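K.L.:
Take a look at structure.csv, CSV, C-alpha atoms and all ligand atoms:
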```csv
chain,number,residue,atom,x,y,z
A,159,MET,CA,29.4,115.4,29.9
A,160,THR,CA,26.8,113.6,32.0
A,161,ILE,CA,27.8,112.7,35.6
A,162,ASN,CA,25.8,110.0,37.3
A,163,ILE,CA,26.0,109.7,41.1
A,164,ILE,CA,24.9,106.3,42.3
A,165,VAL,CA,25.3,103.8,45.1
A,166,ILE,CA,28.1,101.5,44.1
A,167,SER,CA,27.0,98.4,42.2
A,168,ASP,CA,28.8,95.1,41.3
A,169,ASN,CA,30.5,96.2,38.0
A,170,PHE,CA,32.2,99.3,39.6
A,171,TYR,CA,33.9,97.9,42.6
A,172,LYS,CA,37.4,97.4,41.0
A,173,ASP,CA,37.5,101.0,39.6
A,174,ALA,CA,36.2,102.6,42.8
A,175,TYR,CA,38.9,100.6,44.7
A,176,LYS,CA,41.6,102.1,42.5
A,177,ILE,CA,40.5,105.7,43.2
A,178,GLN,CA,40.2,105.0,46.9
A,179,CYS,CA,43.8,103.6,47.0
A,180,GLU,CA,45.2,106.4,44.9
A,181,TYR,CA,43.7,109.4,46.9
A,182,LEU,CA,42.6,108.0,50.2
A,183,ASN,CA,43.3,105.0,52.3
A,184,ASN,CA,45.1,101.9,51.1
A,185,GLU,CA,43.5,98.6,52.1
A,186,THR,CA,43.4,95.1,50.6
A,187,TYR,CA,40.7,94.5,47.9
A,188,SER,CA,39.1,91.9,50.1
A,189,ASP,CA,38.9,94.3,53.1
A,190,PHE,CA,37.4,96.9,50.8
A,191,LEU,CA,34.7,94.5,49.5
A,192,ALA,CA,33.9,93.3,53.1
A,193,ARG,CA,33.5,96.9,54.2
A,194,THR,CA,31.4,98.1,51.2
A,195,GLN,CA,29.4,95.3,49.6
A,196,GLY,CA,25.8,95.3,50.5
A,197,LYS,CA,26.0,98.6,52.3
A,198,ASN,CA,24.4,101.7,50.9
A,199,PHE,CA,27.1,104.1,52.2
A,200,TYR,CA,29.5,103.9,49.3
A,201,CYS,CA,28.6,106.3,46.4
A,202,ILE,CA,30.4,106.8,43.2
A,203,SER,CA,30.4,109.3,40.3
A,204,VAL,CA,30.4,107.8,36.8
A,205,ILE,CA,31.0,109.4,33.5
A,206,GLU,CA,30.4,107.2,30.5
A,207,ASN,CA,30.9,104.0,32.5
A,208,LEU,CA,34.2,105.4,34.0
A,209,VAL,CA,34.3,105.8,37.8
A,210,VAL,CA,35.7,109.3,38.5
A,211,GLY,CA,34.8,109.8,42.1
A,212,VAL,CA,34.1,108.0,45.4
A,213,CYS,CA,32.3,109.1,48.6
A,214,TYR,CA,31.8,106.9,51.7
A,215,GLY,CA,31.5,106.6,55.4
A,216,SER,CA,30.0,104.9,58.4
A,217,PRO,CA,27.7,105.7,61.4
A,218,LYS,CA,29.4,107.3,64.4
A,219,SER,CA,26.2,107.0,66.4
A,220,SER,CA,22.5,106.6,65.7
A,221,LYS,CA,22.2,110.3,64.8
A,222,THR,CA,25.7,111.2,63.5
A,223,PHE,CA,27.4,109.9,60.4
A,224,CYS,CA,31.1,110.1,59.7
A,225,LEU,CA,32.3,110.9,56.1
A,226,GLU,CA,35.4,108.7,55.9
A,227,GLY,CA,36.5,109.5,52.4
A,228,ILE,CA,35.7,111.6,49.3
A,229,ALA,CA,37.9,111.8,46.2
A,230,VAL,CA,37.6,112.8,42.6
A,231,SER,CA,40.1,111.8,39.8
A,232,ASP,CA,42.4,114.8,39.5
A,233,ARG,CA,41.6,115.6,35.9
A,234,PHE,CA,38.0,116.2,37.0
A,235,TRP,CA,38.8,118.5,40.0
A,236,GLY,CA,37.0,121.8,40.2
A,237,ARG,CA,34.0,120.8,38.1
A,238,GLY,CA,31.5,120.3,41.0
A,239,ILE,CA,31.7,116.5,41.1
A,240,GLY,CA,32.8,116.4,44.8
A,241,SER,CA,29.9,118.8,45.8
A,242,LYS,CA,27.4,116.7,43.8
A,243,MET,CA,28.5,113.5,45.5
A,244,LEU,CA,28.0,115.2,48.9
A,245,VAL,CA,24.5,116.3,48.0
A,246,PHE,CA,23.7,112.7,47.0
A,247,PHE,CA,25.3,111.3,50.0
A,248,GLU,CA,23.5,113.6,52.4
A,249,LYS,CA,20.1,112.6,50.8
A,250,GLN,CA,20.9,109.0,51.6
A,251,LEU,CA,21.7,109.9,55.2
A,252,LYS,CA,18.6,112.1,55.6
A,253,SER,CA,16.4,109.3,54.4
A,254,ARG,CA,17.9,107.1,57.1
A,255,ASN,CA,17.2,109.8,59.8
A,256,TYR,CA,20.8,110.9,60.5
A,257,LYS,CA,20.9,114.4,61.9
A,258,GLN,CA,24.5,115.4,61.4
A,259,LEU,CA,27.4,114.6,59.0
A,260,GLN,CA,31.0,115.0,60.3
A,261,VAL,CA,34.3,114.8,58.6
A,262,GLY,CA,37.9,114.9,59.8
A,263,LEU,CA,40.5,116.8,57.7
A,264,PRO,CA,44.1,117.9,57.9
A,265,GLN,CA,45.0,121.6,58.0
A,266,ASN,CA,44.5,122.4,54.3
A,267,GLU,CA,42.9,125.5,53.0
A,268,GLN,CA,41.6,123.9,49.8
A,269,LEU,CA,39.8,121.2,51.8
A,270,GLU,CA,38.5,123.8,54.3
A,271,ASN,CA,37.1,125.8,51.4
A,272,PHE,CA,35.5,122.7,49.8
A,273,TYR,CA,33.7,121.8,53.0
A,274,THR,CA,32.7,125.4,53.9
A,275,LYS,CA,31.4,125.9,50.4
A,276,ASN,CA,29.2,122.8,51.0
A,277,GLY,CA,27.7,124.1,54.2
A,278,PHE,CA,30.0,122.5,56.8
A,279,ILE,CA,31.3,124.4,59.8
A,280,PRO,CA,34.4,123.8,62.0
A,281,LEU,CA,33.5,122.0,65.2
A,282,GLU,CA,36.6,120.6,66.9
A,283,LEU,CA,40.4,120.6,66.8
A,284,VAL,CA,42.0,117.2,67.5
A,285,VAL,CA,45.6,116.6,68.3
A,286,ARG,CA,47.1,113.1,68.2
A,287,GLU,CA,50.5,111.6,69.0
A,288,GLY,CA,50.6,108.4,67.1
A,289,GLU,CA,47.4,106.6,67.9
A,290,ALA,CA,46.8,108.5,71.2
A,291,GLU,CA,44.5,111.5,71.3
A,292,VAL,CA,46.3,114.3,73.1
A,293,THR,CA,43.6,117.0,73.0
A,294,ARG,CA,40.1,117.7,71.6
A,295,THR,CA,38.8,121.2,71.8
A,296,SER,CA,35.7,122.9,70.4
A,297,ILE,CA,36.3,125.5,67.7
A,298,LYS,CA,34.6,128.9,67.9
A,299,ASN,CA,36.8,130.6,65.4
A,300,LEU,CA,38.9,128.7,62.8
A,301,LYS,CA,41.5,131.4,62.5
A,302,GLU,CA,42.0,131.4,66.3
A,303,ALA,CA,42.2,127.6,66.2
A,304,LYS,CA,44.9,127.7,63.6
A,305,LYS,CA,46.9,130.1,65.7
A,306,GLN,CA,46.5,127.7,68.6
A,307,VAL,CA,47.8,124.9,66.3
A,308,SER,CA,50.9,126.7,65.2
A,309,GLU,CA,51.8,127.6,68.8
A,310,LEU,CA,51.3,124.0,69.8
A,311,LEU,CA,53.5,122.7,67.0
A,312,LYS,CA,56.2,125.3,67.7
A,313,ASN,CA,56.5,124.2,71.3
A,314,ALA,CA,55.9,120.4,70.8
A,315,LYS,CA,58.8,118.1,71.6
A,316,GLN,CA,57.2,115.2,69.9
A,317,ASP,CA,55.5,114.6,66.4
A,318,LEU,CA,51.9,115.7,66.7
A,319,GLU,CA,49.2,115.1,64.1
A,320,VAL,CA,46.5,117.9,63.9
A,321,SER,CA,43.1,117.5,62.3
A,322,PHE,CA,39.9,119.5,62.3
A,323,ILE,CA,36.4,118.0,62.6
A,324,PHE,CA,33.9,119.8,60.3
A,325,GLY,CA,30.2,119.1,60.6
A,326,LYS,CA,26.9,119.8,58.8
A,327,ASN,CA,23.4,119.5,60.2
A,328,LEU,CA,21.3,117.5,57.9
A,329,ILE,CA,17.9,118.7,59.3
A,330,PRO,CA,17.6,122.5,59.2
A,401,LIG,C1,38.4,117.5,47.7
A,401,LIG,C2,37.9,117.0,46.4
A,401,LIG,C3,37.1,115.7,46.6
A,401,LIG,C4,37.0,118.1,45.7
A,401,LIG,O1,36.4,117.6,44.6
A,401,LIG,P1,36.0,118.5,43.4
A,401,LIG,O2,35.1,117.7,42.4
A,401,LIG,O3,37.2,119.1,42.8
A,401,LIG,O4,35.1,119.6,44.2
A,401,LIG,P2,34.1,120.7,43.6
A,401,LIG,O5,34.4,120.9,42.2
A,401,LIG,O6,32.7,120.3,44.0
A,401,LIG,O7,34.4,121.9,44.5
A,401,LIG,C5,35.6,122.7,44.2
A,401,LIG,C6,35.9,123.5,45.4
A,401,LIG,O8,36.6,122.7,46.4
A,401,LIG,C7,37.8,123.4,46.8
A,401,LIG,N1,38.9,122.6,46.3
A,401,LIG,C8,39.4,121.6,47.2
A,401,LIG,N2,40.4,121.0,46.6
A,401,LIG,C9,40.5,121.5,45.3
A,401,LIG,C10,41.4,121.2,44.2
A,401,LIG,N3,42.4,120.3,44.3
A,401,LIG,N4,41.2,121.8,43.1
A,401,LIG,C11,40.2,122.8,43.0
A,401,LIG,N5,39.4,123.1,44.0
A,401,LIG,C12,39.5,122.5,45.2
A,401,LIG,C13,37.8,124.8,46.2
A,401,LIG,O9,37.2,125.7,47.1
A,401,LIG,C14,36.8,124.7,45.0
A,401,LIG,O10,35.9,125.8,44.9
A,401,LIG,P3,36.2,126.9,43.8
A,401,LIG,O11,36.1,126.1,42.5
A,401,LIG,O12,35.0,127.8,44.0
A,401,LIG,O13,37.5,127.4,44.0
A,401,LIG,C15,39.1,116.7,45.4
A,401,LIG,O14,39.9,117.8,45.3
A,401,LIG,C16,39.9,115.5,45.8
A,401,LIG,O15,39.6,114.4,45.4
A,401,LIG,N6,41.0,115.7,46.5
A,401,LIG,C17,41.9,114.6,46.9
A,401,LIG,C18,41.4,113.7,48.0
A,401,LIG,C19,41.1,114.4,49.3
A,401,LIG,O16,41.9,115.1,49.8
A,401,LIG,N7,39.9,114.2,49.8
A,401,LIG,C20,39.4,114.8,51.0
A,401,LIG,C21,39.7,114.0,52.2
A,401,LIG,S1,39.1,114.9,53.7
```
Before anything else, please render the file you have as C-alpha cells.
Ligand SMILES: CC(C)(COP(=O)(O)OP(=O)(O)OC[C@H]1O[C@@H](n2cnc3c(N)ncnc32)[C@H](O)[C@@H]1OP(=O)(O)O)[C@@H](O)C(=O)NCCC(=O)NCCS
P.N.:
Amino acid sequence: MTINIIVISDNFYKDAYKIQCEYLNNETYSDFLARTQGKNFYCISVIENLVVGVCYGSPKSSKTFCLEGIAVSDRFWGRGIGSKMLVFFEKQLKSRNYKQLQVGLPQNEQLENFYTKNGFIPLELVVREGEAEVTRTSIKNLKEAKKQVSELLKNAKQDLEVSFIFGKNLIP
C-alpha cells in the first residue's frame, strides 16, 4: 500500500471535500474551493488515486500557523497516515519560515495522544460560551488543566465549550 502525501491538485478537490465534510467542518463546495484553490496549505493523502486523508490550515500571524483540520478515512485509522500528513505539512510551513504550528482540539484523549505522539505540547485552555471567549489560560500541566475544566463545568450555569490549544515549534 503506497501512500502519497501531496498538495491538493485539480482532480482531487471533490474527494477531499467529501472527507472534510464527513469528519470536519461542513461548508459549501464553492466556499471550499475559494478557500483552498491556489493555496499550498491544503494537503491530501492518496492511495491508488483514492483520497484517504486531508490536512489544512491558515496563518495566524507571520510566524504562527494554525492547523484547522486533519482527518483520515476511518478504515485507514491507526496506520500512520495522519502522522505522515503532519510531517509533510510541517515541511511546507518550515520552508515558508513559520516558527510554530498550533491546533485547537476538544477534550479527547485519543486526539491528545495523537498530537503528543507527534511532538505537540499543550499550551492553552480556552473556554467559550457560544461565540464569546470566557477565559484563556496557559497550561503548565494537562492533568491539572483537566481538573480545572471539570470544576468549571460542574459549577457552570450556562453551556460552556472547552478546548485545548496544542503547539509545536517548527524550528528546534
Ligand atoms: C486524528 C486522526 C487524523 C489520526 O489519524 P491516523 O492516521 O489514525 O493517525 P496515526 O495512525 O498517525 O496515529 C495514530 C495515533 O493517534 C491516536 N489516535 C487518535 N485517534 C485515533 C483513532 N481513532 N484510532 C486510532 N488511533 C487514534 C493514537 O494515539 C494513535 O497512536 P497508537 O497507534 O500508538 O495508539 C484520525 O483519527 C481522524 O481522522 N479522526 C477524525 C477527525 C478528527 O477528529 N480530526 C482531528 C481534529 S483536531
K.L.:
Find, counting only C-alpha atoms and all ligand atoms, the residue in A:Gly196, A:Gly238, A:Gly262, A:Gly211 that gets nearest to ligand LIG 401 (chain A).
P.N.:
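Among the listed residues, A:Gly238 lies closest to ligand LIG 401 (chain A).
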K.L.:
For chain A against ligand LIG 401 (chain A), with a cut-off of 6 Å and counting all atoms listed in the file, what is the closest atom pair and its distance in Å to one decimal for every residue that makes the cut, ordered by chain and number, as CSV?
P.N.:
```
residue,atom,partner,partner_atom,distance
A:Tyr181,CA,A:LIG401,C18,5.0
A:Gly227,CA,A:LIG401,C21,5.5
A:Ile228,CA,A:LIG401,N7,5.0
A:Ala229,CA,A:LIG401,O15,3.2
A:Val230,CA,A:LIG401,O15,3.8
A:Trp235,CA,A:LIG401,O3,3.3
A:Gly236,CA,A:LIG401,O5,3.4
A:Arg237,CA,A:LIG401,O5,4.1
A:Gly238,CA,A:LIG401,O5,3.2
A:Ile239,CA,A:LIG401,O2,3.8
A:Gly240,CA,A:LIG401,O2,3.6
A:Ser241,CA,A:LIG401,O6,3.7
A:Leu263,CA,A:LIG401,S1,4.6
A:Gln268,CA,A:LIG401,C8,4.1
A:Leu269,CA,A:LIG401,C8,4.6
A:Asn271,CA,A:LIG401,O9,4.3
A:Phe272,CA,A:LIG401,O8,3.6
```
K.L.:
Which residues are near Asn207 in chain A? Cut-off 10 Å, all atoms listed in the file, ignore same chain within fewer than 2 positions. Put them as a count of residues only.
P.N.:
9
K.L.:
From the set A:Glu185, A:Glu248, A:Glu291, A:Asp168, which residue has the shortest atom-to-atom contact distance to Asn327 in chain A, counting only C-alpha atoms?
P.N.:
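Counting only C-alpha atoms, the residue closest to Asn327 in chain A is A:Glu248.
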K.L.:
Ile297 in chain A: which residues within 7 Å, counting all atoms listed in the file, same-chain residues fewer than 5 positions away excluded, as a list of chain:residue names?
P.N.:
A:Pro280, A:Leu281, A:Glu282, A:Leu283, A:Ala303
K.L.:
If you measure from CA of Glu302 in chain A to CA of Gln265 in chain A, what distance in Å do you get, rounded to one decimal?
P.N.:
13.2 Å
K.L.:
Pick from A:Val245, A:Val307, A:Ile323, A:Ile163: nearest to Cys224 in chain A, with all atoms listed in the file counted?
P.N.:
A:Ile323
K.L.:
Can you save range 269-287 of chain A of the given block to a file, including C-alpha atoms and formatted as an mmCIF file, in the first residue's frame?
P.N.:
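Heads up, here's the output in selection-v2.cif:
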```cif
data_model
loop_
_atom_site.group_PDB
_atom_site.id
_atom_site.type_symbol
_atom_site.label_atom_id
_atom_site.label_comp_id
_atom_site.auth_asym_id
_atom_site.auth_seq_id
_atom_site.Cartn_x
_atom_site.Cartn_y
_atom_site.Cartn_z
ATOM 1 C CA LEU A 269 -6.623 13.307 19.939
ATOM 2 C CA GLU A 270 -4.346 14.434 22.781
ATOM 3 C CA ASN A 271 -2.324 11.239 22.251
ATOM 4 C CA PHE A 272 -2.182 11.808 18.517
ATOM 5 C CA TYR A 273 -0.733 15.306 18.910
ATOM 6 C CA THR A 274 1.587 14.399 21.805
ATOM 7 C CA LYS A 275 2.935 11.491 19.777
ATOM 8 C CA ASN A 276 3.661 13.978 17.009
ATOM 9 C CA GLY A 277 5.660 16.373 19.202
ATOM 10 C CA PHE A 278 2.958 18.873 20.216
ATOM 11 C CA ILE A 279 2.622 20.177 23.770
ATOM 12 C CA PRO A 280 -0.454 21.679 25.497
ATOM 13 C CA LEU A 281 -0.259 25.487 25.570
ATOM 14 C CA GLU A 282 -3.628 26.968 26.478
ATOM 15 C CA LEU A 283 -7.071 26.176 27.818
ATOM 16 C CA VAL A 284 -9.870 28.106 26.120
ATOM 17 C CA VAL A 285 -13.449 28.335 27.405
ATOM 18 C CA ARG A 286 -16.221 29.751 25.214
ATOM 19 C CA GLU A 287 -19.869 30.473 25.708
#
```
